[in-house]
file model.cif (mmCIF, C-alpha atoms and all ligand atoms; chains and numbers go by the auth columns)
data_protein
loop_
_atom_site.group_PDB
_atom_site.id
_atom_site.type_symbol
_atom_site.label_atom_id
_atom_site.label_comp_id
_atom_site.label_asym_id
_atom_site.label_seq_id
_atom_site.Cartn_x
_atom_site.Cartn_y
_atom_site.Cartn_z
_atom_site.B_iso_or_equiv
_atom_site.auth_seq_id
_atom_site.auth_asym_id
ATOM 1 C CA MET A 1 -55.894 197.260 174.499 0.00 22 A
ATOM 2 C CA PHE A 2 -58.551 195.454 176.508 0.00 23 A
ATOM 3 C CA ILE A 3 -56.549 194.144 179.488 0.00 24 A
ATOM 4 C CA ALA A 4 -57.653 191.840 182.294 0.00 25 A
ATOM 5 C CA GLU A 5 -54.485 192.056 184.392 0.00 26 A
ATOM 6 C CA THR A 6 -50.739 192.647 184.427 0.00 27 A
ATOM 7 C CA PHE A 7 -48.347 191.101 186.902 0.00 28 A
ATOM 8 C CA LEU A 8 -44.830 189.901 187.544 0.00 29 A
ATOM 9 C CA SER A 9 -44.488 186.172 188.112 0.00 30 A
ATOM 10 C CA LEU A 10 -42.549 183.086 187.109 0.00 31 A
ATOM 11 C CA GLN A 11 -43.562 181.662 183.771 0.00 32 A
ATOM 12 C CA GLY A 12 -45.477 178.562 184.840 0.00 33 A
ATOM 13 C CA GLU A 13 -45.602 176.573 181.632 0.00 34 A
ATOM 14 C CA GLY A 14 -43.609 175.639 178.586 0.00 35 A
ATOM 15 C CA MET A 15 -39.989 175.886 177.506 0.00 36 A
ATOM 16 C CA LEU A 16 -39.417 178.991 179.639 0.00 37 A
ATOM 17 C CA ALA A 17 -41.014 177.603 182.820 0.00 38 A
ATOM 18 C CA GLY A 18 -39.434 179.181 185.864 0.00 39 A
ATOM 19 C CA VAL A 19 -38.265 182.376 184.133 0.00 40 A
ATOM 20 C CA PRO A 20 -39.271 185.644 185.861 0.00 41 A
ATOM 21 C CA SER A 21 -41.618 187.360 183.426 0.00 42 A
ATOM 22 C CA PHE A 22 -43.955 190.315 183.172 0.00 43 A
ATOM 23 C CA PHE A 23 -47.391 189.131 182.095 0.00 44 A
ATOM 24 C CA ILE A 24 -49.833 191.204 180.067 0.00 45 A
ATOM 25 C CA ARG A 25 -53.150 189.369 179.966 0.00 46 A
ATOM 26 C CA SER A 26 -55.648 190.602 177.436 0.00 47 A
ATOM 27 C CA SER A 27 -59.344 190.023 177.939 0.00 48 A
ATOM 28 C CA GLY A 28 -61.684 188.479 175.378 0.00 49 A
ATOM 29 C CA CYS A 29 -61.489 185.143 173.596 0.00 50 A
ATOM 30 C CA ASN A 30 -63.216 183.667 170.564 0.00 51 A
ATOM 31 C CA LEU A 31 -63.137 180.153 172.081 0.00 52 A
ATOM 32 C CA ARG A 32 -65.041 178.809 175.081 0.00 53 A
ATOM 33 C CA CYS A 33 -62.967 175.952 176.468 0.00 54 A
ATOM 34 C CA ARG A 34 -64.896 173.837 178.948 0.00 55 A
ATOM 35 C CA TRP A 35 -61.968 173.855 181.376 0.00 56 A
ATOM 36 C CA CYS A 36 -60.733 177.423 180.771 0.00 57 A
ATOM 37 C CA ASP A 37 -58.564 178.466 183.723 0.00 58 A
ATOM 38 C CA THR A 38 -59.056 182.182 183.032 0.00 59 A
ATOM 39 C CA PRO A 39 -62.851 182.429 182.542 0.00 60 A
ATOM 40 C CA TYR A 40 -62.587 186.130 183.448 0.00 61 A
ATOM 41 C CA THR A 41 -61.010 186.587 179.985 0.00 62 A
ATOM 42 C CA SER A 42 -63.342 184.324 177.988 0.00 63 A
ATOM 43 C CA TRP A 43 -66.700 183.258 179.383 0.00 64 A
ATOM 44 C CA LEU A 44 -67.153 186.471 181.381 0.00 65 A
ATOM 45 C CA PRO A 45 -64.483 188.883 180.153 0.00 66 A
ATOM 46 C CA GLU A 46 -63.428 191.545 182.634 0.00 67 A
ATOM 47 C CA GLY A 47 -60.948 194.375 182.446 0.00 68 A
ATOM 48 C CA GLY A 48 -60.485 197.768 180.920 0.00 69 A
ATOM 49 C CA ARG A 49 -58.808 199.592 178.068 0.00 70 A
ATOM 50 C CA ARG A 50 -55.164 200.544 178.617 0.00 71 A
ATOM 51 C CA PRO A 51 -52.767 202.362 176.290 0.00 72 A
ATOM 52 C CA VAL A 52 -49.867 200.411 174.831 0.00 73 A
ATOM 53 C CA ALA A 53 -47.319 202.947 176.087 0.00 74 A
ATOM 54 C CA GLU A 54 -48.535 202.485 179.667 0.00 75 A
ATOM 55 C CA LEU A 55 -48.250 198.692 179.431 0.00 76 A
ATOM 56 C CA VAL A 56 -44.721 198.913 178.022 0.00 77 A
ATOM 57 C CA ALA A 57 -43.652 201.363 180.735 0.00 78 A
ATOM 58 C CA GLU A 58 -45.009 199.000 183.386 0.00 79 A
ATOM 59 C CA ALA A 59 -43.175 196.040 181.850 0.00 80 A
ATOM 60 C CA VAL A 60 -39.891 197.974 181.781 0.00 81 A
ATOM 61 C CA ALA A 61 -40.390 199.181 185.366 0.00 82 A
ATOM 62 C CA SER A 62 -40.875 195.566 186.515 0.00 83 A
ATOM 63 C CA ARG A 63 -37.225 194.963 185.548 0.00 84 A
ATOM 64 C CA ALA A 64 -38.174 191.578 184.074 0.00 85 A
ATOM 65 C CA ARG A 65 -36.263 190.703 180.929 0.00 86 A
ATOM 66 C CA TYR A 66 -39.091 188.517 179.637 0.00 87 A
ATOM 67 C CA ALA A 67 -42.605 189.603 178.733 0.00 88 A
ATOM 68 C CA VAL A 68 -45.528 187.261 178.104 0.00 89 A
ATOM 69 C CA VAL A 69 -48.523 188.519 176.156 0.00 90 A
ATOM 70 C CA THR A 70 -51.369 186.167 176.926 0.00 91 A
ATOM 71 C CA GLY A 71 -55.118 186.053 177.321 0.00 92 A
ATOM 72 C CA GLY A 72 -57.808 185.352 176.629 0.00 93 A
ATOM 73 C CA GLU A 73 -56.825 185.435 173.007 0.00 94 A
ATOM 74 C CA PRO A 74 -54.318 188.276 172.522 0.00 95 A
ATOM 75 C CA LEU A 75 -54.460 187.891 168.734 0.00 96 A
ATOM 76 C CA LEU A 76 -57.916 189.496 168.866 0.00 97 A
ATOM 77 C CA GLN A 77 -56.403 192.787 170.068 0.00 98 A
ATOM 78 C CA ARG A 78 -55.814 195.214 167.210 0.00 99 A
ATOM 79 C CA GLU A 79 -52.898 196.862 169.062 0.00 100 A
ATOM 80 C CA LEU A 80 -51.012 193.560 169.455 0.00 101 A
ATOM 81 C CA GLY A 81 -48.395 194.360 166.812 0.00 102 A
ATOM 82 C CA GLN A 82 -47.797 197.779 168.331 0.00 103 A
ATOM 83 C CA LEU A 83 -47.389 196.240 171.802 0.00 104 A
ATOM 84 C CA THR A 84 -45.029 193.407 170.834 0.00 105 A
ATOM 85 C CA GLY A 85 -42.939 195.770 168.700 0.00 106 A
ATOM 86 C CA ALA A 86 -42.587 198.258 171.544 0.00 107 A
ATOM 87 C CA LEU A 87 -41.737 195.580 174.108 0.00 108 A
ATOM 88 C CA ARG A 88 -39.030 194.160 171.852 0.00 109 A
ATOM 89 C CA SER A 89 -37.672 197.637 171.129 0.00 110 A
ATOM 90 C CA ALA A 90 -37.405 198.105 174.895 0.00 111 A
ATOM 91 C CA GLY A 91 -35.151 195.044 174.992 0.00 112 A
ATOM 92 C CA LEU A 92 -37.594 192.469 176.366 0.00 113 A
ATOM 93 C CA HIS A 93 -37.890 188.911 175.114 0.00 114 A
ATOM 94 C CA VAL A 94 -41.520 188.528 174.081 0.00 115 A
ATOM 95 C CA THR A 95 -43.615 185.363 174.209 0.00 116 A
ATOM 96 C CA VAL A 96 -47.084 185.477 172.665 0.00 117 A
ATOM 97 C CA GLU A 97 -49.489 182.779 173.873 0.00 118 A
ATOM 98 C CA THR A 98 -52.377 181.925 171.549 0.00 119 A
ATOM 99 C CA ALA A 99 -54.797 179.184 170.537 0.00 120 A
ATOM 100 C CA GLY A 100 -53.912 180.060 166.929 0.00 121 A
ATOM 101 C CA THR A 101 -57.342 180.523 165.392 0.00 122 A
ATOM 102 C CA LEU A 102 -56.335 183.764 163.637 0.00 123 A
ATOM 103 C CA ASP A 103 -53.074 185.227 162.355 0.00 124 A
ATOM 104 C CA PRO A 104 -52.818 189.020 162.454 0.00 125 A
ATOM 105 C CA GLU A 105 -49.543 190.922 162.082 0.00 126 A
ATOM 106 C CA PHE A 106 -47.295 190.970 165.154 0.00 127 A
ATOM 107 C CA ASP A 107 -43.806 189.914 166.132 0.00 128 A
ATOM 108 C CA CYS A 108 -42.367 187.866 168.985 0.00 129 A
ATOM 109 C CA ASP A 109 -39.352 185.876 170.135 0.00 130 A
ATOM 110 C CA LEU A 110 -41.344 182.783 171.061 0.00 131 A
ATOM 111 C CA LEU A 111 -44.746 181.810 169.742 0.00 132 A
ATOM 112 C CA SER A 112 -46.559 179.606 172.236 0.00 133 A
ATOM 113 C CA LEU A 113 -49.306 177.921 170.267 0.00 134 A
ATOM 114 C CA SER A 114 -51.901 175.880 172.117 0.00 135 A
ATOM 115 C CA PRO A 115 -54.262 174.227 169.645 0.00 136 A
ATOM 116 C CA LYS A 116 -57.389 172.949 171.302 0.00 137 A
ATOM 117 C CA THR A 117 -58.713 169.396 171.025 0.00 138 A
ATOM 118 C CA SER A 118 -62.163 167.969 171.595 0.00 139 A
ATOM 119 C CA ASN A 119 -61.533 167.702 175.333 0.00 140 A
ATOM 120 C CA SER A 120 -62.029 171.493 175.372 0.00 141 A
ATOM 121 C CA ASP A 121 -65.511 171.427 173.783 0.00 142 A
ATOM 122 C CA PRO A 122 -68.100 173.064 176.003 0.00 143 A
ATOM 123 C CA PRO A 123 -71.685 171.897 176.397 0.00 144 A
ATOM 124 C CA GLY A 124 -74.562 174.038 175.276 0.00 145 A
ATOM 125 C CA ARG A 125 -75.018 176.737 172.690 0.00 146 A
ATOM 126 C CA ASP A 126 -71.312 177.681 172.408 0.00 147 A
ATOM 127 C CA ARG A 127 -70.291 174.182 171.381 0.00 148 A
ATOM 128 C CA GLU A 128 -70.678 174.332 167.590 0.00 149 A
ATOM 129 C CA ARG A 129 -68.918 177.684 167.174 0.00 150 A
ATOM 130 C CA HIS A 130 -66.058 176.562 169.432 0.00 151 A
ATOM 131 C CA ARG A 131 -65.646 173.316 167.483 0.00 152 A
ATOM 132 C CA ARG A 132 -65.699 175.107 164.128 0.00 153 A
ATOM 133 C CA LEU A 133 -63.110 177.691 165.187 0.00 154 A
ATOM 134 C CA ARG A 134 -60.675 175.247 166.767 0.00 155 A
ATOM 135 C CA ALA A 135 -60.870 172.941 163.737 0.00 156 A
ATOM 136 C CA GLU A 136 -59.820 175.694 161.295 0.00 157 A
ATOM 137 C CA LEU A 137 -56.060 175.065 161.096 0.00 158 A
ATOM 138 C CA GLY A 138 -55.067 177.555 158.395 0.00 159 A
ATOM 139 C CA PRO A 139 -54.117 180.354 160.835 0.00 160 A
ATOM 140 C CA ALA A 140 -52.088 177.988 163.037 0.00 161 A
ATOM 141 C CA ARG A 141 -50.176 176.651 160.018 0.00 162 A
ATOM 142 C CA ARG A 142 -49.344 180.188 158.917 0.00 163 A
ATOM 143 C CA LEU A 143 -48.240 181.188 162.427 0.00 164 A
ATOM 144 C CA LEU A 144 -45.908 178.183 162.706 0.00 165 A
ATOM 145 C CA ALA A 145 -44.386 179.037 159.319 0.00 166 A
ATOM 146 C CA ARG A 146 -43.888 182.666 160.374 0.00 167 A
ATOM 147 C CA PHE A 147 -42.331 181.823 163.750 0.00 168 A
ATOM 148 C CA PRO A 148 -39.738 179.021 163.626 0.00 169 A
ATOM 149 C CA GLU A 149 -39.113 179.770 167.294 0.00 170 A
ATOM 150 C CA HIS A 150 -42.301 178.199 168.628 0.00 171 A
ATOM 151 C CA GLN A 151 -43.678 175.673 171.056 0.00 172 A
ATOM 152 C CA LEU A 152 -46.867 173.650 170.756 0.00 173 A
ATOM 153 C CA LYS A 153 -48.679 173.101 174.028 0.00 174 A
ATOM 154 C CA PHE A 154 -51.486 170.562 174.301 0.00 175 A
ATOM 155 C CA VAL A 155 -53.820 170.246 177.262 0.00 176 A
ATOM 156 C CA VAL A 156 -54.217 166.524 177.916 0.00 177 A
ATOM 157 C CA GLU A 157 -56.565 164.649 180.228 0.00 178 A
ATOM 158 C CA ASP A 158 -55.558 161.035 179.525 0.00 179 A
ATOM 159 C CA ALA A 159 -54.224 158.657 176.878 0.00 180 A
ATOM 160 C CA ASP A 160 -57.474 158.893 174.914 0.00 181 A
ATOM 161 C CA ASP A 161 -56.443 162.419 173.886 0.00 182 A
ATOM 162 C CA LEU A 162 -53.236 161.319 172.162 0.00 183 A
ATOM 163 C CA PRO A 163 -54.613 160.114 168.791 0.00 184 A
ATOM 164 C CA GLU A 164 -56.160 163.552 168.290 0.00 185 A
ATOM 165 C CA VAL A 165 -52.921 165.316 169.286 0.00 186 A
ATOM 166 C CA LEU A 166 -50.963 163.188 166.792 0.00 187 A
ATOM 167 C CA THR A 167 -53.489 163.877 164.044 0.00 188 A
ATOM 168 C CA LEU A 168 -53.307 167.610 164.752 0.00 189 A
ATOM 169 C CA LEU A 169 -49.504 167.600 164.657 0.00 190 A
ATOM 170 C CA GLU A 170 -49.542 165.862 161.304 0.00 191 A
ATOM 171 C CA ALA A 171 -52.125 168.295 159.931 0.00 192 A
ATOM 172 C CA LEU A 172 -50.039 171.235 161.166 0.00 193 A
ATOM 173 C CA GLY A 173 -46.839 169.791 159.713 0.00 194 A
ATOM 174 C CA ALA A 174 -45.228 170.084 163.144 0.00 195 A
ATOM 175 C CA ALA A 175 -42.601 167.383 163.159 0.00 196 A
ATOM 176 C CA GLU A 176 -40.168 168.356 165.912 0.00 197 A
ATOM 177 C CA PRO A 177 -41.133 166.483 169.143 0.00 198 A
ATOM 178 C CA SER A 178 -38.856 168.672 171.275 0.00 199 A
ATOM 179 C CA ARG A 179 -41.161 171.622 170.508 0.00 200 A
ATOM 180 C CA VAL A 180 -44.282 169.703 171.536 0.00 201 A
ATOM 181 C CA LEU A 181 -45.308 169.916 175.173 0.00 202 A
ATOM 182 C CA LEU A 182 -48.047 168.037 176.962 0.00 203 A
ATOM 183 C CA MET A 183 -49.717 169.688 179.896 0.00 204 A
ATOM 184 C CA ALA A 184 -52.108 168.009 182.354 0.00 205 A
ATOM 185 C CA GLN A 185 -55.579 169.504 182.363 0.00 206 A
ATOM 186 C CA GLY A 186 -56.648 170.922 185.703 0.00 207 A
ATOM 187 C CA ARG A 187 -57.792 174.129 187.327 0.00 208 A
ATOM 188 C CA SER A 188 -56.027 173.403 190.588 0.00 209 A
ATOM 189 C CA ALA A 189 -52.670 171.952 191.613 0.00 210 A
ATOM 190 C CA ALA A 190 -54.476 168.861 192.922 0.00 211 A
ATOM 191 C CA GLU A 191 -56.252 168.229 189.616 0.00 212 A
ATOM 192 C CA VAL A 192 -53.018 168.684 187.664 0.00 213 A
ATOM 193 C CA ALA A 193 -51.119 166.400 190.058 0.00 214 A
ATOM 194 C CA ALA A 194 -53.739 163.681 189.666 0.00 215 A
ATOM 195 C CA ARG A 195 -53.263 163.605 185.896 0.00 216 A
ATOM 196 C CA ALA A 196 -49.515 164.302 185.819 0.00 217 A
ATOM 197 C CA PRO A 197 -48.192 160.698 185.970 0.00 218 A
ATOM 198 C CA ALA A 198 -50.304 159.612 182.993 0.00 219 A
ATOM 199 C CA VAL A 199 -49.275 162.688 180.994 0.00 220 A
ATOM 200 C CA ALA A 200 -45.610 162.129 181.869 0.00 221 A
ATOM 201 C CA ALA A 201 -45.890 158.534 180.637 0.00 222 A
ATOM 202 C CA LEU A 202 -47.310 159.785 177.320 0.00 223 A
ATOM 203 C CA CYS A 203 -44.349 162.160 176.963 0.00 224 A
ATOM 204 C CA LEU A 204 -41.925 159.290 177.508 0.00 225 A
ATOM 205 C CA GLU A 205 -43.763 157.132 175.010 0.00 226 A
ATOM 206 C CA HIS A 206 -43.876 159.756 172.252 0.00 227 A
ATOM 207 C CA GLY A 207 -40.717 161.811 172.894 0.00 228 A
ATOM 208 C CA PHE A 208 -42.659 164.966 173.792 0.00 229 A
ATOM 209 C CA ARG A 209 -41.764 167.384 176.580 0.00 230 A
ATOM 210 C CA TYR A 210 -43.718 167.448 179.805 0.00 231 A
ATOM 211 C CA THR A 211 -44.627 170.895 181.011 0.00 232 A
ATOM 212 C CA PRO A 212 -45.413 171.593 184.647 0.00 233 A
ATOM 213 C CA ARG A 213 -47.848 174.309 185.718 0.00 234 A
ATOM 214 C CA LEU A 214 -45.562 175.941 188.229 0.00 235 A
ATOM 215 C CA HIS A 215 -47.846 178.877 188.979 0.00 236 A
ATOM 216 C CA MET A 216 -50.348 176.409 190.425 0.00 237 A
ATOM 217 C CA ASP A 217 -47.748 174.490 192.426 0.00 238 A
ATOM 218 C CA LEU A 218 -46.036 177.611 193.771 0.00 239 A
ATOM 219 C CA PHE A 219 -48.828 180.140 194.076 0.00 240 A
ATOM 220 C CA GLY A 220 -52.033 178.086 193.975 0.00 241 A
ATOM 221 C CA GLY A 221 -53.214 179.376 190.586 0.00 242 A
ATOM 222 C CA GLY A 222 -55.910 182.025 190.263 0.00 243 A
ATOM 223 C CA ARG A 223 -55.433 185.627 189.216 0.00 244 A
ATOM 224 C CA GLY A 224 -52.181 187.538 189.158 0.00 245 A
ATOM 225 C CA VAL A 225 -49.814 184.574 189.035 0.00 246 A
HETATM 226 S S1 LIG B . -58.458 179.602 174.361 0.00 301 B
HETATM 227 FE FE1 LIG B . -57.592 179.972 176.411 0.00 301 B
HETATM 228 S S2 LIG B . -58.633 181.836 177.199 0.00 301 B
HETATM 229 FE FE2 LIG B . -59.821 181.061 175.432 0.00 301 B
HETATM 230 S S3 LIG B . -61.423 179.783 176.376 0.00 301 B
HETATM 231 FE FE3 LIG B . -59.699 178.424 175.804 0.00 301 B
HETATM 232 S S4 LIG B . -58.415 178.298 177.655 0.00 301 B
HETATM 233 FE FE4 LIG B . -59.803 180.064 177.927 0.00 301 B
#

call {"tool": "encode", "arguments": {"input": "model.cif", "output": "structure tokens"}}
result
Amino acid sequence: MFIAETFLSLQGEGMLAGVPSFFIRSSGCNLRCRWCDTPYTSWLPEGGRRPVAELVAEAVASRARYAVVTGGEPLLQRELGQLTGALRSAGLHVTVETAGTLDPEFDCDLLSLSPKTSNSDPPGRDRERHRRLRAELGPARRLLARFPEHQLKFVVEDADDLPEVLTLLEALGAAEPSRVLLMAQGRSAAEVAARAPAVAALCLEHGFRYTPRLHMDLFGGGRGV
């Protein structure tokens, strides 16, 4: 697999925030989010090829009981099914984090789906392709049907984003508010903190969950956390 980094940390976001987890971050993404917080896996992908068996051995040696396969877009990796199967066979709980623009074969214990809205659209020549890919909802619908154990994470800047989030949820047939999490957009703890009160208010108004970004608060963000 094409891997940017592996590391042991606390899950920073979502329903498992705070849980010690071994992260396997693939490199390469088909989207180009304007605010991407891991540009070294998307805009300028870095990393190297690593065998699945080596990644699984490293995860087991970390003694974490939870593994997170993230990116980039891990669903682009042809060995994804092999990796998630081996991690689960080794007794780890596996979360797969994806933007959900494709739906290859793999398995997991928690699907973390983060559909992108127009606040992610980049300027320039990548814009049209990004918009077309994120607007294709067929793969995301199929993933949600395959994985009843899922969470939907939306990156939100302010209240203007909510109509689009609600439209997306309706189009995806995702009706359970307790599985919907709103996350403040920001590439630093300060940026996230500045938007957090408004995002929290939206959660209260709509019955969604607020997700912190603990890795930024605790470790300052960046690589390896
Ligand atoms: S989907 Fe994720 S990795 Fe890809 S560009 Fe967007 S934020 Fe970055």

call {"tool": "resolve_selection", "arguments": {"input": "model.cif", "expression": "the PyMOL selection byres (((chain A and resi 76-92) around 6) and not hetatm)", "output": "list of chain:residue names"}}
result
A:Ser42, A:Phe43, A:Phe44, A:Ile45, A:Arg46, A:Ser47, A:Ser48, A:Val73, A:Ala74, A:Glu75, A:Gly93, A:Glu94, A:Pro95, A:Leu108, A:Leu113, A:His114, A:Val115, A:Thr116, A:Val117, A:Glu118

call {"tool": "axis_aligned_box", "arguments": {"input": "model.cif", "around": "ligand LIG 301 (chain B)", "padding_each_side": "5 Å", "output": "lines of an AutoDock Vina configuration file"}}
result
center_x = -59.5
center_y = 180.1
center_z = 176.1
size_x = 13.8
size_y = 13.5
size_z = 13.6

call {"tool": "closest_atom_pairs", "arguments": {"input": "model.cif", "of": "chain A", "to": "ligand LIG 301 (chain B)", "cutoff": "10 Å", "atoms": "only C-alpha atoms and all ligand atoms", "output": "Markdown table"}}
result
| residue | atom | partner | partner_atom | distance |
| --- | --- | --- | --- | --- |
| A:Arg46 | CA | B:LIG301 | S2 | 9.7 |
| A:Ser47 | CA | B:LIG301 | S2 | 9.3 |
| A:Ser48 | CA | B:LIG301 | S2 | 8.3 |
| A:Gly49 | CA | B:LIG301 | S2 | 7.5 |
| A:Cys50 | CA | B:LIG301 | FE2 | 4.8 |
| A:Asn51 | CA | B:LIG301 | FE2 | 6.5 |
| A:Leu52 | CA | B:LIG301 | S3 | 4.6 |
| A:Arg53 | CA | B:LIG301 | S3 | 4.0 |
| A:Cys54 | CA | B:LIG301 | S3 | 4.1 |
| A:Arg55 | CA | B:LIG301 | S3 | 7.4 |
| A:Trp56 | CA | B:LIG301 | S4 | 6.8 |
| A:Cys57 | CA | B:LIG301 | S4 | 4.0 |
| A:Asp58 | CA | B:LIG301 | S4 | 6.1 |
| A:Thr59 | CA | B:LIG301 | FE4 | 5.6 |
| A:Pro60 | CA | B:LIG301 | FE4 | 6.0 |
| A:Tyr61 | CA | B:LIG301 | S2 | 8.6 |
| A:Thr62 | CA | B:LIG301 | S2 | 6.0 |
| A:Ser63 | CA | B:LIG301 | S3 | 5.2 |
| A:Trp64 | CA | B:LIG301 | S3 | 7.0 |
| A:Pro66 | CA | B:LIG301 | S2 | 9.6 |
| A:Thr91 | CA | B:LIG301 | S2 | 8.5 |
| A:Gly92 | CA | B:LIG301 | S2 | 5.5 |
| A:Gly93 | CA | B:LIG301 | S2 | 3.7 |
| A:Glu94 | CA | B:LIG301 | S2 | 5.8 |
| A:Pro95 | CA | B:LIG301 | S2 | 9.1 |
| A:Glu118 | CA | B:LIG301 | FE1 | 8.9 |
| A:Thr119 | CA | B:LIG301 | S1 | 7.1 |
| A:Ala120 | CA | B:LIG301 | S1 | 5.3 |
| A:Gly121 | CA | B:LIG301 | S1 | 8.7 |
| A:Thr122 | CA | B:LIG301 | S1 | 9.1 |
| A:Ser135 | CA | B:LIG301 | S1 | 7.9 |
| A:Pro136 | CA | B:LIG301 | S1 | 8.3 |
| A:Lys137 | CA | B:LIG301 | S1 | 7.4 |
| A:Ser141 | CA | B:LIG301 | FE3 | 7.3 |
| A:Asp142 | CA | B:LIG301 | FE3 | 9.3 |
| A:Pro143 | CA | B:LIG301 | S3 | 9.5 |
| A:His151 | CA | B:LIG301 | S3 | 8.9 |
| A:Arg155 | CA | B:LIG301 | S1 | 9.0 |
| A:Val176 | CA | B:LIG301 | S4 | 9.3 |

call {"tool": "resolve_selection", "arguments": {"input": "model.cif", "expression": "the PyMOL selection byres (((chain A and resi 232) around 6) and not hetatm)", "output": "number ranges by chain"}}
result
A: 34-35, 202, 204, 231, 233

call {"tool": "closest_residue", "arguments": {"input": "model.cif", "among": "A:Leu131, A:Leu96, A:Ile24, A:Val186", "to": "Val201 in chain A", "atoms": "only C-alpha atoms"}}
result
A:Val186

call {"tool": "atom_distance", "arguments": {"input": "model.cif", "atom1": "CA of Glu126 in chain A", "atom2": "CA of Leu203 in chain A"}}
result
27.3 Å

call {"tool": "decode", "arguments": {"input": "model.cif", "residues": "range 42-56 of chain A", "atoms": "N, CA and C atoms", "output": "compact mmCIF listing (two decimals), in the first residue's frame"}}
result
# COMPACT_ATOMS: atom_id res chain seq x y z
N SER A 42 -5.42 4.64 19.57
CA SER A 42 -5.62 3.96 18.28
C SER A 42 -4.32 3.98 17.49
N PHE A 43 -4.15 2.93 16.68
CA PHE A 43 -3.01 2.89 15.77
C PHE A 43 -3.50 3.36 14.41
N PHE A 44 -2.87 4.41 13.91
CA PHE A 44 -3.30 5.02 12.65
C PHE A 44 -2.44 4.54 11.49
N ILE A 45 -3.11 4.17 10.41
CA ILE A 45 -2.42 3.84 9.15
C ILE A 45 -2.95 4.83 8.12
N ARG A 46 -2.09 5.77 7.73
CA ARG A 46 -2.53 6.83 6.83
C ARG A 46 -2.01 6.59 5.43
N SER A 47 -2.92 6.27 4.52
CA SER A 47 -2.52 6.07 3.14
C SER A 47 -2.28 7.41 2.47
N SER A 48 -1.57 7.38 1.39
CA SER A 48 -1.27 8.61 0.65
C SER A 48 -1.93 8.55 -0.72
N GLY A 49 -2.45 9.69 -1.16
CA GLY A 49 -3.17 9.77 -2.43
C GLY A 49 -4.64 10.01 -2.17
N CYS A 50 -5.20 10.98 -2.89
CA CYS A 50 -6.62 11.30 -2.73
C CYS A 50 -7.15 11.78 -4.08
N ASN A 51 -8.41 11.44 -4.36
CA ASN A 51 -9.00 11.89 -5.62
C ASN A 51 -9.66 13.26 -5.48
N LEU A 52 -9.78 13.76 -4.24
CA LEU A 52 -10.33 15.10 -4.02
C LEU A 52 -9.20 16.09 -3.74
N ARG A 53 -9.54 17.36 -3.75
CA ARG A 53 -8.55 18.42 -3.49
C ARG A 53 -9.22 19.49 -2.63
N CYS A 54 -9.55 19.12 -1.38
CA CYS A 54 -10.25 20.07 -0.52
C CYS A 54 -9.38 21.30 -0.28
N ARG A 55 -10.00 22.43 -0.37
CA ARG A 55 -9.31 23.72 -0.18
C ARG A 55 -8.60 23.77 1.17
N TRP A 56 -9.25 23.21 2.21
CA TRP A 56 -8.72 23.31 3.56
C TRP A 56 -8.10 21.99 4.03
